[in-house]
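Enquirer: Would you mind keeping the following structure in view while I ask a few things?
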Amino acid sequence: MPSSNSPYTAFAALLSSSGHPVSPAELHGLLLGRSCAGADFDHAAWLQDAAELLGGEPQDNVRQALIGLQDMVKGELTGDDIAVVLLLPGDDAPLSERAVALGQWCQGFLGGFGMTARDGALSAEAMEVLQDLAAIAQVQSALEESEDGENDYMEVMEYLRVAPLLLFTECAKPVAAAPVASKPSLH
């Protein structure tokens with residue numbers, strides 16, 4: 001599939017034509033980060049956070065795209081799948097471009113996760129995921145230079161499709177939930 005038809009490219013075109021030079025990857029990371037940290041799926045709050053990253057109130061067509069993106073993420077996080085789809089350039093895009101987008105996605109995720117207030121400390125496992133994301137946000141150049149860059153990129157992608165769910169499970173669970181051990185999960 002040519003990258004001109006990918007959701008990423010379409011979203012990038014929409015954002016730049018609307019005067020928002022923001023990477024769709026960073027925007028999607030932001031959305032996923034705040035969602036995983038326990039922000040609810042209220043459209044108004046998400047649009048407000050997105051507007052901050054976009055540097056202004058989004059136009060209607062961008063608003064609709066942002067709401068659609070949030071509904072998609074909500075479906076993934078609350079559904080039965082154990083992976084999320086990352087909004088990144090298609091596989092036919094140059095590795096350097098994909099690596100940069102991957103870094104932007106991680107930065108967005110960390111930003112979104114960090115801006116969402118939550119109670120209680122994170123588990124060691126969750127902290128590790130956040131540290132991994134911070135490290136991945138820095139690897140762009142290393143990824144490009146290695147001849148195994150393509151494999152490394154794929155491995156990182158796979159990790160990022162699953163890692164956020166661990167954070168979501170830990171941070172976004174209802175506060176009043178009974179201890180997991182005592183009753184079966186309702187998934």
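Here's how to read the names in the structure tokens: chain A, B, ... by the order shown, residue numbers from 1 in each chain, ligand numbers from 1 in the order shown.
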Mind dumping a table of every stretch 7-49 of chain A residue within 7 Å of stretch 61-78 of chain A, with the nearest atom pair and its distance in Å to one decimal, using only C-alpha atoms, sorted by chain and rising number, as CSV?

Expert:
residue,atom,partner,partner_atom,distance
A:Leu14,CA,A:Val62,CA,6.9
A:Leu15,CA,A:Val62,CA,6.9
A:Leu32,CA,A:Val73,CA,6.9
A:Phe41,CA,A:Lys74,CA,6.9
A:His43,CA,A:Ile67,CA,6.5

Enquirer: Need to verify the contact set: A:Glu150, 7 Å, only C-alpha atoms, exclusion of same-chain residues closer than 3 positions in sequence. Can you return it as a JSON list (two decimals) with C-alpha atoms, in the first residue's frame?

Expert:
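Saved to around.json:
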[["chain", "number", "residue", "atom", "x", "y", "z"],
["A", 95, "LEU", "CA", 13.61, 3.93, 8.08],
["A", 153, "TYR", "CA", 12.53, -0.95, 14.44],
["A", 154, "MET", "CA", 10.13, -3.90, 14.16]]

Enquirer: Can you tell me, as a list in words, what residues are no more than 7 Å from A:Arg34 when counting only C-alpha atoms, ignoring any on the same chain fewer than 4 positions away?

Expert: Leu30, Gly38, Ala39, Gly112, Phe113 and Thr116 of chain A

Enquirer: If I take atom CA of A:Leu130 and atom CA of A:Cys106, how far is one from the other in Å, to one decimal?

Expert: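 Separation of atom CA of A:Leu130 and atom CA of A:Cys106: 9.2 Å.
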
Enquirer: Could you jot down the atom CA of A:Cys171 to atom CA of A:Ala117 separation for me, Å, one decimal place?

Expert: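 Spanning atom CA of A:Cys171 to atom CA of A:Ala117 is a straight-line distance of 10.3 Å.
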
Enquirer: Identify, on the basis of only C-alpha atoms, every residue whose closest approach to A:Gly56 does not exceed 12 Å; exclude the query and any residue fewer than 5 positions from it along the same chain; express the result as a list in words.

Expert: Leu15, Ser18, Gly19, His20, Pro21, Val22, Leu47, Gln48, Asp49, Ala50, Ala51, Val62 and Arg63 of chain A

Enquirer: Could you jot down the atom CA of A:Ala13 to atom CA of A:Glu26 separation for me, Å, one decimal place?

Expert: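 Rounded to one decimal, the two atoms are 14.5 Å apart.
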
Enquirer: Running DSSP on the backbone, which parts of chain A land in alpha helix (DSSP H), as a ChimeraX atom specification?

Expert: /A:7-17,24-36,43-54,60-78,95-115,124-137,140-145,149-171

Enquirer: Find the residue from A:Ala172, A:Leu160, A:Leu167, A:Ala126 that sits nearest to A:Val84; use only C-alpha atoms when measuring.

Expert: A:Leu160
